[in-house]
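Undergrad: As input, take run_38.cif (mmCIF, C-alpha atoms and all ligand atoms):
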data_upload
loop_
_atom_site.label_atom_id
_atom_site.label_comp_id
_atom_site.auth_asym_id
_atom_site.auth_seq_id
_atom_site.Cartn_x
_atom_site.Cartn_y
_atom_site.Cartn_z
CA MET A 186 4.02 1.10 -12.02
CA GLU A 187 5.69 0.48 -8.68
CA PHE A 188 8.59 2.37 -7.16
CA THR A 189 11.34 1.82 -4.64
CA LYS A 190 9.99 2.89 -1.28
CA LEU A 191 12.06 5.72 0.16
CA SER A 192 12.71 6.15 3.86
CA ARG A 193 10.59 8.83 5.49
CA GLY A 194 13.59 11.20 5.61
CA ASP A 195 14.46 10.72 1.94
CA TYR A 196 10.78 10.96 0.94
CA GLU A 197 10.24 14.20 2.83
CA ARG A 198 13.45 15.71 1.47
CA GLN A 199 12.27 14.79 -2.03
CA THR A 200 8.78 16.24 -1.62
CA ALA A 201 10.17 19.40 0.03
CA ALA A 202 12.42 19.98 -2.98
CA THR A 203 9.42 20.16 -5.35
CA ARG A 204 6.91 21.80 -3.03
CA ASP A 205 7.25 25.43 -4.19
CA GLU A 206 6.66 24.43 -7.79
CA ARG A 207 3.71 22.16 -6.92
CA MET A 208 2.10 24.70 -4.58
CA GLN A 209 2.35 27.77 -6.83
CA TRP A 210 -1.14 27.57 -8.34
CA PHE A 211 -2.61 26.76 -4.93
CA ARG A 212 -0.98 29.76 -3.23
CA ASP A 213 -2.31 32.02 -5.97
CA ALA A 214 -5.79 30.44 -5.96
CA ARG A 215 -6.69 31.35 -2.37
CA PHE A 216 -10.33 30.23 -2.58
CA GLY A 217 -11.85 26.80 -3.26
CA MET A 218 -15.14 24.92 -3.00
CA PHE A 219 -15.51 21.84 -0.83
CA VAL A 220 -18.36 19.53 -1.87
CA HIS A 221 -19.80 16.97 0.53
CA TYR A 222 -22.15 14.66 -1.36
CA GLY A 223 -23.08 11.05 -0.60
CA LEU A 224 -25.76 8.75 0.77
CA TYR A 225 -26.01 10.95 3.88
CA SER A 226 -27.27 13.75 1.59
CA ILE A 227 -30.49 11.78 1.07
CA MET A 228 -31.36 12.00 4.77
CA GLY A 229 -30.26 15.60 5.21
CA ARG A 230 -29.45 15.09 8.86
CA HIS A 231 -25.61 15.20 8.94
CA GLU A 232 -22.77 13.50 7.12
CA TRP A 233 -22.08 11.57 10.32
CA ALA A 234 -25.70 10.38 10.69
CA MET A 235 -24.75 6.71 10.14
CA ALA A 236 -22.44 6.77 13.16
CA LEU A 237 -24.18 9.35 15.35
CA GLU A 238 -27.59 7.73 14.98
CA ASN A 239 -26.12 4.21 15.26
CA PHE A 240 -27.61 2.94 11.99
CA PRO A 241 -27.11 -0.80 11.47
CA ILE A 242 -25.05 -1.20 8.27
CA ALA A 243 -27.75 -3.31 6.59
CA GLU A 244 -30.31 -0.57 7.17
CA TYR A 245 -28.03 2.29 6.06
CA GLU A 246 -27.01 0.40 2.90
CA LYS A 247 -30.60 0.69 1.64
CA LEU A 248 -29.90 4.36 0.96
CA ALA A 249 -27.62 3.30 -1.91
CA GLY A 250 -30.65 2.22 -3.95
CA LYS A 251 -32.26 5.62 -3.35
CA PHE A 252 -29.19 7.67 -4.28
CA ASN A 253 -30.23 9.57 -7.36
CA PRO A 254 -28.07 12.53 -8.44
CA LYS A 255 -29.74 14.36 -11.28
CA PRO A 256 -27.75 14.50 -14.53
CA GLY A 257 -25.49 17.53 -14.61
CA ALA A 258 -25.39 18.07 -10.84
CA PRO A 259 -21.56 18.40 -10.71
CA ARG A 260 -21.77 20.97 -13.53
CA GLU A 261 -24.09 23.01 -11.30
CA TRP A 262 -21.51 22.93 -8.50
CA ALA A 263 -18.66 23.88 -10.82
CA ALA A 264 -20.65 26.70 -12.44
CA LEU A 265 -21.36 28.21 -9.02
CA ALA A 266 -17.77 27.77 -7.89
CA LYS A 267 -16.58 29.61 -10.99
CA LYS A 268 -19.14 32.34 -10.49
CA ALA A 269 -18.03 32.68 -6.86
CA GLY A 270 -14.42 33.33 -7.85
CA MET A 271 -13.25 29.95 -6.58
CA LYS A 272 -10.27 28.44 -8.39
CA TYR A 273 -10.49 24.79 -7.36
CA MET A 274 -12.86 22.18 -5.99
CA VAL A 275 -12.49 19.25 -3.60
CA MET A 276 -15.26 16.63 -3.68
CA THR A 277 -15.94 13.70 -1.36
CA THR A 278 -15.18 10.68 -3.56
CA ARG A 279 -15.95 8.40 -0.59
CA HIS A 280 -16.88 9.62 2.85
CA HIS A 281 -16.77 7.72 6.15
CA GLU A 282 -19.95 5.84 5.16
CA GLY A 283 -17.76 3.88 2.74
CA PHE A 284 -19.81 4.43 -0.44
CA SER A 285 -17.62 5.21 -3.47
CA LEU A 286 -18.96 7.73 -5.96
CA TRP A 287 -16.86 6.26 -8.76
CA ASP A 288 -16.60 3.15 -10.91
CA SER A 289 -14.56 1.12 -8.44
CA LYS A 290 -13.50 -2.49 -8.89
CA VAL A 291 -12.03 -2.45 -5.39
CA ASN A 292 -15.18 -1.27 -3.61
CA PRO A 293 -18.39 -2.76 -5.10
CA TYR A 294 -20.44 -0.49 -2.79
CA ASN A 295 -20.45 2.30 -5.33
CA ALA A 296 -22.52 4.59 -7.53
CA MET A 297 -21.99 2.41 -10.63
CA ASN A 298 -23.55 -0.63 -8.94
CA PHE A 299 -26.21 1.13 -6.89
CA GLY A 300 -28.46 4.16 -7.33
CA PRO A 301 -27.60 6.21 -10.44
CA LYS A 302 -25.32 3.55 -11.91
CA ARG A 303 -23.15 6.49 -13.05
CA ASP A 304 -19.60 7.51 -12.27
CA ILE A 305 -20.18 10.74 -10.33
CA VAL A 306 -16.46 11.32 -9.88
CA ARG A 307 -16.09 11.26 -13.67
CA GLU A 308 -18.88 13.83 -13.97
CA PHE A 309 -17.19 15.96 -11.30
CA VAL A 310 -13.83 15.84 -13.06
CA ASP A 311 -15.41 16.70 -16.42
CA ALA A 312 -17.26 19.63 -14.84
CA CYS A 313 -14.12 20.99 -13.19
CA ARG A 314 -12.27 20.87 -16.49
CA GLU A 315 -15.16 22.48 -18.35
CA PHE A 316 -15.05 25.44 -15.98
CA GLY A 317 -11.27 25.62 -15.73
CA LEU A 318 -11.12 24.61 -12.08
CA ARG A 319 -8.37 22.58 -10.44
CA ILE A 320 -9.49 19.17 -9.18
CA GLY A 321 -9.31 17.80 -5.63
CA PHE A 322 -10.42 14.40 -4.35
CA TYR A 323 -11.47 14.03 -0.73
CA SER A 324 -10.70 10.45 0.33
CA SER A 325 -11.69 9.27 3.80
CA LEU A 326 -9.37 6.83 5.56
CA MET A 327 -12.06 6.00 8.10
CA ASP A 328 -14.75 3.59 6.85
CA TRP A 329 -17.93 2.51 8.62
CA HIS A 330 -18.87 -0.09 6.01
CA HIS A 331 -15.80 -2.28 5.43
CA PRO A 332 -15.69 -5.30 7.82
CA ASP A 333 -11.98 -4.86 8.56
CA ALA A 334 -12.12 -1.13 9.25
CA TRP A 335 -12.44 -1.39 13.01
CA ARG A 336 -10.64 -4.72 13.45
CA ALA A 337 -7.65 -3.10 11.75
CA ALA A 338 -6.95 -1.39 15.07
CA PHE A 339 -5.89 -4.63 16.77
CA ASP A 340 -5.82 -7.41 14.14
CA THR A 341 -2.70 -7.26 11.97
CA GLU A 342 -4.24 -9.31 9.18
CA ALA A 343 -7.35 -7.12 9.15
CA ARG A 344 -5.11 -4.06 9.13
CA ALA A 345 -3.16 -5.41 6.17
CA ARG A 346 -6.39 -6.12 4.27
CA PHE A 347 -7.89 -2.71 5.12
CA THR A 348 -4.79 -0.61 4.30
CA LYS A 349 -4.52 -2.48 1.00
CA TYR A 350 -8.19 -1.68 0.35
CA ILE A 351 -7.54 2.01 1.05
CA LYS A 352 -4.42 1.99 -1.10
CA GLU A 353 -6.09 0.30 -4.07
CA MET A 354 -9.11 2.64 -3.98
CA ASN A 355 -6.75 5.60 -4.04
CA ARG A 356 -4.83 3.98 -6.88
CA GLU A 357 -8.07 3.89 -8.88
CA LEU A 358 -8.68 7.56 -8.15
CA MET A 359 -5.14 8.43 -9.20
CA THR A 360 -5.25 6.44 -12.45
CA GLN A 361 -8.81 6.63 -13.82
CA TYR A 362 -9.39 10.39 -14.14
CA GLY A 363 -6.33 12.06 -15.60
CA LYS A 364 -4.39 14.78 -13.78
CA ILE A 365 -5.61 15.35 -10.24
CA ASP A 366 -4.40 18.40 -8.32
CA VAL A 367 -5.21 17.71 -4.66
CA LEU A 368 -5.63 14.54 -2.58
CA TRP A 369 -7.54 15.46 0.57
CA TYR A 370 -7.38 12.62 3.10
CA ASP A 371 -9.66 12.70 6.10
CA VAL A 372 -9.92 11.11 9.55
CA SER A 373 -7.09 8.63 9.94
CA ALA A 374 -8.94 6.29 12.33
CA PRO A 375 -8.58 3.72 13.82
CA MET A 376 -4.82 3.58 13.26
CA GLU A 377 -3.05 6.42 15.03
CA SER A 378 0.28 6.60 13.21
CA TRP A 379 1.56 6.97 9.69
CA GLU A 380 3.16 3.55 10.11
CA GLY A 381 -0.24 2.10 11.02
CA TRP A 382 -1.63 3.41 7.72
CA ASP A 383 1.43 2.55 5.63
CA SER A 384 1.09 6.22 4.65
CA LEU A 385 4.68 6.44 3.48
CA GLU A 386 4.09 3.71 0.89
CA LEU A 387 0.55 4.92 0.11
CA ASN A 388 1.66 8.48 -0.62
CA GLN A 389 4.73 7.43 -2.60
CA MET A 390 2.37 5.38 -4.76
CA VAL A 391 0.12 8.43 -5.16
CA ARG A 392 3.02 10.68 -6.10
CA SER A 393 4.44 8.11 -8.52
CA LEU A 394 1.10 8.29 -10.37
CA GLN A 395 0.45 12.04 -9.92
CA PRO A 396 3.86 13.75 -9.58
CA HIS A 397 2.38 17.27 -9.27
CA ILE A 398 -0.28 16.45 -6.71
CA ILE A 399 -0.75 18.29 -3.40
CA ILE A 400 -1.40 15.97 -0.44
CA ASN A 401 -2.84 17.25 2.84
CA ASN A 402 -1.70 16.35 6.36
CA ARG A 403 -4.45 13.89 7.30
CA SER A 404 -2.69 10.59 6.56
CA LYS A 405 -0.57 11.21 9.67
CA LEU A 406 2.35 12.57 7.60
CA PRO A 407 2.80 16.38 7.37
CA GLU A 408 2.93 16.34 3.55
CA ASP A 409 2.16 19.61 1.71
CA LEU A 410 -0.73 21.23 3.51
CA GLY A 411 -2.01 22.04 7.00
CA THR A 412 -5.81 21.77 7.34
CA PRO A 413 -7.32 23.89 10.15
CA GLU A 414 -11.00 23.00 10.26
CA GLY A 415 -13.87 25.18 11.43
CA HIS A 416 -11.47 28.03 12.22
CA ILE A 417 -9.15 30.15 10.12
CA THR A 418 -5.80 30.02 11.86
CA ALA A 419 -2.55 30.74 10.06
CA GLU A 420 0.19 28.13 10.17
CA ASP A 421 3.93 28.44 9.45
CA ARG A 422 3.52 26.31 6.32
CA ASP A 423 1.07 26.13 3.44
CA TRP A 424 -2.37 25.83 4.95
CA GLU A 425 -6.02 25.79 3.96
CA ALA A 426 -8.92 26.37 6.36
CA CYS A 427 -12.01 24.32 5.56
CA MET A 428 -15.37 25.68 6.69
CA THR A 429 -18.93 24.46 6.43
CA PHE A 430 -21.44 26.91 4.98
CA ASN A 431 -23.56 27.00 8.12
CA ASP A 432 -21.46 25.73 11.03
CA LEU A 433 -23.95 22.85 11.29
CA SER A 434 -23.06 20.10 8.85
CA TRP A 435 -20.77 19.31 5.92
CA GLY A 436 -23.57 17.30 4.37
CA TYR A 437 -26.93 18.59 3.17
CA VAL A 438 -29.42 19.93 5.68
CA ASP A 439 -32.73 21.53 4.79
CA ALA A 440 -31.76 24.82 3.14
CA GLU A 441 -34.70 26.76 4.60
CA GLN A 442 -33.80 25.72 8.14
CA ALA A 443 -30.08 26.24 7.46
CA LEU A 444 -30.53 29.76 6.11
CA PRO A 445 -30.40 31.60 9.46
CA TYR A 446 -27.08 29.90 10.19
CA SER A 447 -25.56 30.25 6.72
CA TYR A 448 -22.81 32.73 6.00
CA THR A 449 -23.69 36.05 4.44
CA PRO A 450 -21.49 37.16 1.55
CA GLN A 451 -19.90 39.74 3.83
CA ARG A 452 -18.92 37.04 6.33
CA ILE A 453 -17.48 34.93 3.51
CA VAL A 454 -15.36 37.85 2.28
CA LYS A 455 -14.26 38.45 5.86
CA MET A 456 -13.17 34.80 6.13
CA LEU A 457 -11.34 35.19 2.82
CA ASN A 458 -9.48 38.17 4.25
CA THR A 459 -8.41 36.26 7.34
CA ALA A 460 -7.09 33.46 5.14
CA THR A 461 -5.33 35.92 2.80
CA ALA A 462 -3.78 37.91 5.66
CA GLY A 463 -2.32 34.64 6.96
CA LYS A 464 -1.05 33.53 3.52
CA GLY A 465 -3.51 30.65 3.53
CA ASN A 466 -6.54 29.40 1.57
CA LEU A 467 -10.23 29.14 2.32
CA LEU A 468 -12.00 25.93 1.28
CA LEU A 469 -15.70 26.73 1.73
CA ASN A 470 -18.13 23.82 1.67
CA ILE A 471 -21.47 23.20 0.05
CA GLY A 472 -23.57 20.16 0.88
CA PRO A 473 -25.66 19.46 -2.26
CA ALA A 474 -29.28 18.37 -1.86
CA PRO A 475 -30.33 14.71 -2.36
CA ASP A 476 -30.69 15.20 -6.13
CA GLY A 477 -27.31 16.95 -6.28
CA SER A 478 -28.71 20.47 -6.54
CA VAL A 479 -26.64 23.24 -5.03
CA PRO A 480 -28.17 24.02 -1.61
CA ALA A 481 -30.45 27.03 -2.09
CA ASP A 482 -28.96 28.92 0.87
CA ALA A 483 -25.53 28.97 -0.79
CA VAL A 484 -26.39 30.27 -4.25
CA ALA A 485 -27.08 33.94 -3.56
CA PRO A 486 -24.20 34.53 -1.11
CA LEU A 487 -21.63 32.82 -3.34
CA THR A 488 -22.88 34.69 -6.41
CA LYS A 489 -22.51 38.00 -4.56
CA VAL A 490 -19.02 37.04 -3.34
CA GLY A 491 -18.05 36.34 -6.94
CA GLN A 492 -19.30 39.74 -8.05
CA TRP A 493 -17.27 41.38 -5.30
CA ILE A 494 -14.14 39.40 -6.15
CA ALA A 495 -14.54 40.35 -9.82
CA GLU A 496 -13.91 43.98 -8.75
CA ASN A 497 -11.45 43.36 -5.93
CA GLY A 498 -9.59 40.20 -6.90
CA PRO A 499 -6.01 41.51 -6.49
CA ALA A 500 -6.66 42.07 -2.78
CA GLY A 501 -7.10 38.35 -2.28
CA TYR A 502 -5.62 36.33 -5.09
CA GLY A 503 -1.95 35.92 -5.82
CA LYS A 504 1.26 35.94 -3.82
CA LYS A 505 0.74 37.53 -0.43
CA ASP A 506 2.82 38.27 2.66
CA LYS A 507 1.53 37.77 6.15
CA THR A 508 -0.06 40.86 7.69
CA VAL A 509 -2.44 41.65 10.52
CA PRO A 510 -6.01 40.96 9.36
CA TRP A 511 -7.55 43.67 11.54
CA GLY A 512 -4.70 45.96 12.60
CA ALA A 513 -5.06 49.15 10.57
CA ASN A 514 -8.06 50.64 12.36
CA GLY A 515 -10.05 47.78 13.82
CA VAL A 516 -12.95 47.90 11.35
CA CYS A 517 -11.06 46.87 8.26
CA GLY A 518 -9.05 43.82 7.25
CA THR A 519 -5.67 44.06 5.54
CA SER A 520 -3.75 42.00 3.04
CA LEU A 521 -0.21 42.63 1.85
CA SER A 522 1.39 42.12 -1.54
CA GLY A 523 4.93 43.46 -1.76
CA ASN A 524 4.70 47.24 -1.16
CA THR A 525 0.91 47.35 -1.27
CA VAL A 526 -1.43 47.08 1.69
CA TYR A 527 -5.08 46.47 0.83
CA LEU A 528 -7.66 47.71 3.31
CA TRP A 529 -10.84 45.61 3.21
CA ASN A 530 -13.26 48.10 4.76
CA TRP A 531 -16.02 46.31 6.66
CA ILE A 532 -17.35 49.64 8.02
CA TRP A 533 -17.14 52.80 5.88
CA PRO A 534 -16.42 55.91 7.98
CA LYS A 535 -18.77 58.86 8.19
CA GLY A 536 -17.40 62.40 7.77
CA GLY A 537 -15.11 61.76 4.81
CA GLU A 538 -11.99 60.70 6.74
CA MET A 539 -10.46 57.34 7.64
CA GLY A 540 -7.57 56.74 10.01
CA VAL A 541 -4.99 54.00 9.42
CA GLY A 542 -2.41 53.30 12.13
CA GLY A 543 0.73 51.24 12.34
CA PHE A 544 2.53 51.94 9.04
CA SER A 545 5.41 54.44 9.15
CA THR A 546 6.92 53.43 5.80
CA LEU A 547 6.66 56.32 3.33
CA LEU A 548 3.24 56.20 1.66
CA LYS A 549 3.39 56.99 -2.06
CA SER A 550 -0.22 56.76 -3.18
CA VAL A 551 -3.71 55.74 -2.11
CA THR A 552 -6.32 54.48 -4.58
CA LEU A 553 -9.70 52.80 -4.61
CA LEU A 554 -8.79 49.32 -5.86
CA LYS A 555 -11.75 48.71 -8.11
CA ASP A 556 -11.26 51.75 -10.36
CA GLY A 557 -7.83 53.11 -9.44
CA SER A 558 -9.27 56.50 -8.47
CA SER A 559 -6.92 58.51 -6.22
CA ILE A 560 -7.66 59.20 -2.58
CA ALA A 561 -6.13 62.17 -0.74
CA PHE A 562 -4.08 61.35 2.34
CA GLU A 563 -1.87 62.79 5.03
CA GLN A 564 0.89 60.80 6.80
CA LYS A 565 2.32 61.76 10.17
CA GLY A 566 4.62 59.14 11.69
CA HIS A 567 2.64 55.92 12.03
CA ARG A 568 -0.61 57.75 11.40
CA ILE A 569 -2.24 57.93 7.99
CA ILE A 570 -5.43 59.92 7.44
CA LEU A 571 -7.40 59.38 4.24
CA LYS A 572 -9.39 62.44 3.27
CA GLY A 573 -12.20 63.48 0.99
CA LEU A 574 -13.91 60.12 1.12
CA PRO A 575 -17.50 59.71 -0.13
CA GLU A 576 -20.17 59.51 2.54
CA LYS A 577 -21.12 55.97 1.50
CA SER A 578 -18.94 53.00 0.68
CA PRO A 579 -18.03 53.07 -3.04
CA ASP A 580 -18.57 49.30 -3.20
CA SER A 581 -22.05 48.72 -4.56
CA VAL A 582 -21.93 44.90 -4.30
CA LEU A 583 -21.38 44.25 -0.60
CA GLY A 584 -20.44 47.65 0.84
CA ILE A 585 -16.87 46.40 1.32
CA ALA A 586 -14.67 48.92 -0.51
CA VAL A 587 -10.99 48.01 -0.87
CA ILE A 588 -8.41 50.76 -0.69
CA ALA A 589 -4.84 50.17 -1.89
CA LEU A 590 -2.00 51.87 0.00
CA GLU A 591 1.16 51.90 -2.12
CA PHE A 592 4.28 52.36 0.03
CA ALA A 593 7.79 53.29 -1.10
CA GLU A 594 9.00 49.88 0.10
CA LYS A 595 7.58 46.81 1.76
CA PRO A 596 5.76 48.24 4.79
CA GLU A 597 6.29 46.86 8.23
CA PHE A 598 3.28 46.96 10.51
CA LYS A 599 3.95 48.34 14.00
CA ARG A 600 1.02 48.95 16.25
CA ALA A 601 0.75 52.66 17.05
CA SER A 602 1.18 52.58 20.78
CA TYR A 603 0.05 54.50 23.85
CA TYR A 604 2.89 52.69 25.60
CA PRO A 605 6.04 54.10 23.93
CA GLN A 606 8.15 52.47 26.62
CA LEU A 607 7.21 49.14 25.02
CA HIS A 608 8.87 50.24 21.78
CA GLY A 609 12.34 51.26 22.85
CA GLY A 610 11.21 54.48 24.50
CA THR A 611 9.97 56.19 21.34
CA ASP A 612 6.44 57.13 20.56
CA VAL A 613 5.82 54.94 17.52
CA SER A 614 2.75 56.92 16.54
CA GLY A 615 4.98 59.89 15.58
CA GLY A 616 4.32 62.15 18.53
CA ASN A 617 0.68 62.60 17.69
CA ILE A 618 -0.59 61.24 20.98
C1 LIG B 1 -14.35 16.19 9.78
C2 LIG B 1 -15.63 15.37 9.67
C3 LIG B 1 -15.94 14.99 8.25
C4 LIG B 1 -15.76 16.11 7.27
C5 LIG B 1 -14.40 16.75 7.47
C6 LIG B 1 -14.20 17.93 6.56
O1 LIG B 1 -13.26 15.33 9.59
O2 LIG B 1 -15.48 14.18 10.37
O3 LIG B 1 -17.27 14.53 8.21
O4 LIG B 1 -15.84 15.56 5.97
O5 LIG B 1 -14.30 17.20 8.81
O6 LIG B 1 -12.93 18.48 6.81
#
Is it possible to give me this structure as structure tokens?
Ligand code: GLC

TA:
Amino acid sequence: MEFTKLSRGDYERQTAATRDERMQWFRDARFGMFVHYGLYSIMGRHEWAMALENFPIAEYEKLAGKFNPKPGAPREWAALAKKAGMKYMVMTTRHHEGFSLWDSKVNPYNAMNFGPKRDIVREFVDACREFGLRIGFYSSLMDWHHPDAWRAAFDTEARARFTKYIKEMNRELMTQYGKIDVLWYDVSAPMESWEGWDSLELNQMVRSLQPHIIINNRSKLPEDLGTPEGHITAEDRDWEACMTFNDLSWGYVDAEQALPYSYTPQRIVKMLNTATAGKGNLLLNIGPAPDGSVPADAVAPLTKVGQWIAENGPAGYGKKDKTVPWGANGVCGTSLSGNTVYLWNWIWPKGGEMGVGGFSTLLKSVTLLKDGSSIAFEQKGHRIILKGLPEKSPDSVLGIAVIALEFAEKPEFKRASYYPQLHGGTDVSGGNI
């Protein structure tokens, strides 16, 4: 099924008109699992090993015969994602190494012809559906295996062949596996413009096949989603921060050696708060082992995070407004839903009292999120003091108790200030200084 190619202006007006409807589930989901799995996983040195270690293609290709995902590996990933409170997954269908994990007629260098002789993308899609997770395909534009990939930068015929190759592989992904929710392009090299990639035509083809799909910003068109990587920085659009599990590699590295670098569950929840406070998503990566097993260093932390989310989900999931992730008292994060501010307490105060600054809107009630139990409070100007708190954090999973502050109307955060002159000459902390 082809389509009349719209101009960029008409195309972007058309996609903007449907964006809110397409993004709704994504904005509510907040938390997803990235999965980097491919031939590089066999070596366990980095997903860029082929390029960084200057492997000759003929030598690297030999890995294809050794690629041996155990049956059910994608189910293991999906089961952990579900347990972790993640709502969607994005898997590398073909990384920069150029090896396709699906039954491709366009790219013979694939998991049906080499190694397992199975369609791993099919197994991934089936696993996502079994566990009720939305489905994302990572699809690299860069390719270290295809002979035209680098010539495309200066040879128009090579560029035409290569962009057609990219387009037809993505057509397979958009037509062979049913409804797909996210198309996650990566590394638009060597061409440096959307025109160089024919991205306007490519993405109109994608959307003609998958009308509800979310496309990220890495085909050199802005599309639906900003993708800060390795840092969680809010954008003035829909955005999703992608993070490795250990700040070392997206692909598998020895779990025992990775452990000291891997995120603790508390750090993962803290990242989730930063994403939530900025109205964005966190896409947290696992790099499965050579046989497809979930990396051992990720299982316990993600399981714990899931247990915590099971008790504190409303603080993260669902429609949120932007707030200040650390403003209330410096040792808690905040998230904001309508009239409710959630305090994600990284450090629980001693002495039974907690101070919260910066909100002068009338405070109606304070409760512990997980069980709705009331908490006594006093409000003076921009200063709120919670009283009668237990000596230890009431959160038994991670020690991160969430407190819900219900205001009479949508609260506006104003930093309580020792410099009243900066705020129109009034002491915004209510004269308590
Ligand atoms: C960078 C890396 C790539 C990884 C991606 C994940 O683009 O080059 O290896 O898959 O980040 O966002």

Undergrad: Suppose you want the space between CA of Arg319 in chain A and CA of Thr203 in chain A; what is it in Å?

TA: 18.7 Å

Undergrad: Please identify the residues whose atoms come within 9 Å of ligand LIG 1 (chain B), using only C-alpha atoms and all ligand atoms, and report them as a PyMOL selection string.

TA: chain A and resi 219+221+231-233+277+280-281+323+325+369-372+412-415+426-429+434-436+470

Undergrad: Using only C-alpha atoms - which residues lie no farther than 10 Å from the point (-8.4, -3.6, 3.3) in the file's frame? Write them as JSON, numbers by chain.

TA: {"A": [291, 292, 331, 332, 333, 334, 337, 342, 343, 344, 345, 346, 347, 348, 349, 350, 351, 352, 353, 354]}

Undergrad: Would you compute the distance between CA of Lys268 in chain A and CA of Trp287 in chain A? Give it in Å to one decimal.

TA: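 If I compute the distance from CA of Lys268 in chain A to CA of Trp287 in chain A, I get 26.2 Å.
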
Undergrad: Rounded to one decimal place, report the CA of Leu265 in chain A-CA of Gly491 in chain A distance in Å.

TA: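 It comes out at 9.0 Å.
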
Undergrad: Residues near range 518-529 of chain A, anyone? I mean within 9 Å using only C-alpha atoms, not counting same-chain ones fewer than 6 positions away, as a ChimeraX atom specification.

TA: /A:455,458-459,461-464,499-501,503-512,554,585-596

Undergrad: Go through A:Gly229, A:Lys577, A:Gly283, A:Ala264 one by one, measure the shortest atom-to-atom distance of each to Gln442 in chain A using all atoms listed in the file, and give the residue with the smallest value.

TA: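 The shortest atom-to-atom distance to Gln442 in chain A comes from A:Gly229.
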
Undergrad: Which is closer to Cys517 in chain A than all the others in A:Ala460, A:Ile320, A:Val541, A:Leu248, using all atoms listed in the file?

TA: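 Using all atoms listed in the file, Cys517 in chain A sits closest to A:Val541.
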
Undergrad: Need the shell around range 380-394 of chain A: protein/DNA/RNA residues with any atom at most 7 Å away, counting all atoms listed in the file. Skip same-chain ones fewer than 5 positions apart. Format as a list in words?

TA: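 Result of the neighbour search: Lys190, Arg193, Thr348, Lys352, Arg356, Met359, Thr360 and Ser404 of chain A.
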
Undergrad: For each of A:Ala249, A:Leu548, A:Ala481, A:Leu469, take the minimum atom-to-atom distance to Asp439 in chain A, counting only C-alpha atoms, then give the residue where this is smallest.

TA: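 That would be A:Ala481, the residue with the smallest distance to Asp439 in chain A.
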
Undergrad: Pick out the closest residue to Gly573 in chain A from this set: A:Pro256, A:Ser550, A:Phe216, A:Lys535. Count only C-alpha atoms.

TA: A:Lys535
